[in-house]
Amino acid sequence: MNALDDSSGSTEPMTVNDGLVDDKAEPSAQSDDMLVVVFSVDDTFASTDFFDAMWPVEERAIEAIDASGLGFLDGNDTGANEYGLCFFGSDWRAMWKLLEPIMRTAPAPIARLDVWPAGAPDMRVVSPDD
């Protein structure tokens, strides 16, 4: 049996530390708020023009969030006529207050905010106008 096999049938959480399974580990809670700014995109989404126009918006967001100390840009996600920018930080509301004017300059409209406060069981959808 290697270190990752669990033939015991246990349903307890397991983690791998230094190559060894720790079957006594507690599940970890998310320590930061997550904010995903979701843009609604159309057929132009597939063009490089969209990404070229979006890059300066992302750069300004990175500069602002880094300088503020509120969090960081974790990455982006694409699919189903949507484009999302994912941020993690200490307070999603403070991050949105800082980022909103920058996000409003994007070449696509903001469809919604997906937020997952630290410690919350689920993500929720918030209107960008709230």
# chains A, B, ... in the order shown; residues from 1 in each chain; ligands from 1
>>> residues_around(residues="Leu99 of chain A", least_positions_apart="6", cutoff="10 Å", atoms="only C-alpha atoms", output="PyMOL selection string")
chain A and resi 37+57+60-62+64-65+93
>>> select_by_dssp(residues="segment 51-96 of chain A", states="strand (DSSP E)", output="list of chain:residue names")
A:Gly71, A:Phe72, A:Leu73, A:Asp74, A:Gly75, A:Asn76, A:Asp77, A:Thr78, A:Gly79, A:Glu82, A:Tyr83, A:Gly84, A:Leu85, A:Cys86, A:Phe87, A:Phe88, A:Gly89
>>> write_last_selection(atoms="all heavy atoms", output="short mmCIF file (atom, residue, chain, number, x, y, z; two decimals), in the first residue's frame")
data_model
loop_
_atom_site.label_atom_id
_atom_site.label_comp_id
_atom_site.auth_asym_id
_atom_site.auth_seq_id
_atom_site.Cartn_x
_atom_site.Cartn_y
_atom_site.Cartn_z
N GLY A 71 -5.97 42.59 -1.02
CA GLY A 71 -6.03 41.24 -1.56
C GLY A 71 -5.18 41.10 -2.80
O GLY A 71 -4.21 41.84 -3.00
N PHE A 72 -5.60 40.17 -3.68
CA PHE A 72 -4.85 39.92 -4.90
C PHE A 72 -5.76 39.32 -5.97
O PHE A 72 -6.80 38.75 -5.66
CB PHE A 72 -3.67 38.98 -4.64
CG PHE A 72 -4.06 37.62 -4.12
CD1 PHE A 72 -4.22 36.55 -4.99
CD2 PHE A 72 -4.29 37.40 -2.77
CE1 PHE A 72 -4.59 35.29 -4.53
CE2 PHE A 72 -4.65 36.15 -2.30
CZ PHE A 72 -4.80 35.09 -3.18
N LEU A 73 -5.36 39.48 -7.22
CA LEU A 73 -6.05 38.86 -8.35
C LEU A 73 -5.52 37.45 -8.47
O LEU A 73 -4.31 37.24 -8.64
CB LEU A 73 -5.80 39.63 -9.65
CG LEU A 73 -6.36 38.99 -10.93
CD1 LEU A 73 -7.87 38.90 -10.91
CD2 LEU A 73 -5.90 39.76 -12.15
N ASP A 74 -6.40 36.46 -8.36
CA ASP A 74 -6.00 35.06 -8.42
C ASP A 74 -5.97 34.54 -9.85
O ASP A 74 -5.24 33.62 -10.16
CB ASP A 74 -6.95 34.22 -7.56
CG ASP A 74 -6.51 32.79 -7.45
OD1 ASP A 74 -5.35 32.56 -7.04
OD2 ASP A 74 -7.31 31.89 -7.76
N GLY A 75 -6.80 35.10 -10.73
CA GLY A 75 -6.82 34.63 -12.11
C GLY A 75 -8.13 34.97 -12.77
O GLY A 75 -8.94 35.73 -12.25
N ASN A 76 -8.32 34.39 -13.96
CA ASN A 76 -9.56 34.62 -14.69
C ASN A 76 -10.14 33.28 -15.13
O ASN A 76 -9.49 32.25 -15.07
CB ASN A 76 -9.34 35.55 -15.88
CG ASN A 76 -8.25 35.06 -16.81
OD1 ASN A 76 -8.11 33.87 -17.05
ND2 ASN A 76 -7.47 35.97 -17.34
N ASP A 77 -11.40 33.33 -15.54
CA ASP A 77 -12.10 32.13 -15.95
C ASP A 77 -12.99 32.49 -17.12
O ASP A 77 -13.55 33.59 -17.17
CB ASP A 77 -12.93 31.60 -14.78
CG ASP A 77 -13.54 30.24 -15.05
OD1 ASP A 77 -12.95 29.46 -15.83
OD2 ASP A 77 -14.60 29.94 -14.47
N THR A 78 -13.13 31.58 -18.05
CA THR A 78 -13.95 31.83 -19.23
C THR A 78 -14.94 30.69 -19.43
O THR A 78 -14.69 29.57 -19.01
CB THR A 78 -13.08 31.95 -20.50
OG1 THR A 78 -12.36 30.72 -20.67
CG2 THR A 78 -12.11 33.09 -20.40
N GLY A 79 -16.04 31.01 -20.08
CA GLY A 79 -17.00 29.97 -20.44
C GLY A 79 -18.41 30.49 -20.50
O GLY A 79 -18.76 31.47 -19.84
N GLU A 82 -19.33 34.09 -20.59
CA GLU A 82 -18.93 34.83 -19.40
C GLU A 82 -17.41 34.87 -19.29
O GLU A 82 -16.72 33.97 -19.75
CB GLU A 82 -19.49 34.19 -18.14
CG GLU A 82 -20.99 34.25 -18.04
CD GLU A 82 -21.52 33.66 -16.75
OE1 GLU A 82 -20.83 32.84 -16.10
OE2 GLU A 82 -22.64 34.03 -16.38
N TYR A 83 -16.95 35.93 -18.65
CA TYR A 83 -15.52 36.08 -18.36
C TYR A 83 -15.44 36.58 -16.93
O TYR A 83 -16.07 37.58 -16.58
CB TYR A 83 -14.89 37.10 -19.32
CG TYR A 83 -13.41 37.28 -19.13
CD1 TYR A 83 -12.51 36.38 -19.68
CD2 TYR A 83 -12.91 38.37 -18.42
CE1 TYR A 83 -11.15 36.55 -19.51
CE2 TYR A 83 -11.55 38.54 -18.26
CZ TYR A 83 -10.67 37.63 -18.80
OH TYR A 83 -9.32 37.79 -18.64
N GLY A 84 -14.73 35.88 -16.08
CA GLY A 84 -14.66 36.25 -14.67
C GLY A 84 -13.25 36.54 -14.21
O GLY A 84 -12.30 35.90 -14.65
N LEU A 85 -13.12 37.52 -13.33
CA LEU A 85 -11.86 37.84 -12.67
C LEU A 85 -12.03 37.51 -11.19
O LEU A 85 -12.95 38.01 -10.53
CB LEU A 85 -11.50 39.32 -12.83
CG LEU A 85 -11.18 39.77 -14.25
CD1 LEU A 85 -10.97 41.28 -14.29
CD2 LEU A 85 -9.95 39.04 -14.76
N CYS A 86 -11.15 36.66 -10.67
CA CYS A 86 -11.27 36.15 -9.31
C CYS A 86 -10.25 36.81 -8.39
O CYS A 86 -9.05 36.75 -8.64
CB CYS A 86 -11.07 34.65 -9.32
SG CYS A 86 -11.24 33.89 -7.70
N PHE A 87 -10.76 37.44 -7.34
CA PHE A 87 -9.92 38.11 -6.35
C PHE A 87 -10.11 37.43 -4.99
O PHE A 87 -11.22 37.00 -4.65
CB PHE A 87 -10.32 39.59 -6.22
CG PHE A 87 -10.16 40.37 -7.48
CD1 PHE A 87 -11.18 40.45 -8.42
CD2 PHE A 87 -8.98 41.06 -7.73
CE1 PHE A 87 -11.03 41.17 -9.59
CE2 PHE A 87 -8.82 41.79 -8.90
CZ PHE A 87 -9.84 41.84 -9.82
N PHE A 88 -9.05 37.39 -4.21
CA PHE A 88 -9.11 36.94 -2.82
C PHE A 88 -8.59 38.05 -1.95
O PHE A 88 -7.63 38.73 -2.32
CB PHE A 88 -8.27 35.67 -2.60
CG PHE A 88 -8.92 34.42 -3.09
CD1 PHE A 88 -8.70 33.97 -4.37
CD2 PHE A 88 -9.76 33.70 -2.26
CE1 PHE A 88 -9.29 32.81 -4.84
CE2 PHE A 88 -10.37 32.54 -2.71
CZ PHE A 88 -10.13 32.09 -4.01
N GLY A 89 -9.21 38.23 -0.79
CA GLY A 89 -8.76 39.27 0.12
C GLY A 89 -9.52 39.28 1.42
O GLY A 89 -10.38 38.45 1.68
#
>>> closest_residue(among="A:Leu113, A:Val125, A:Ala118, A:Ala67", to="Leu98 of chain A", atoms="only C-alpha atoms")
A:Ala67
>>> select_by_dssp(residues="segment 57-97 of chain A", states="helix (DSSP H, G or I)", output="PyMOL selection string")
chain A and resi 57-68+92-97
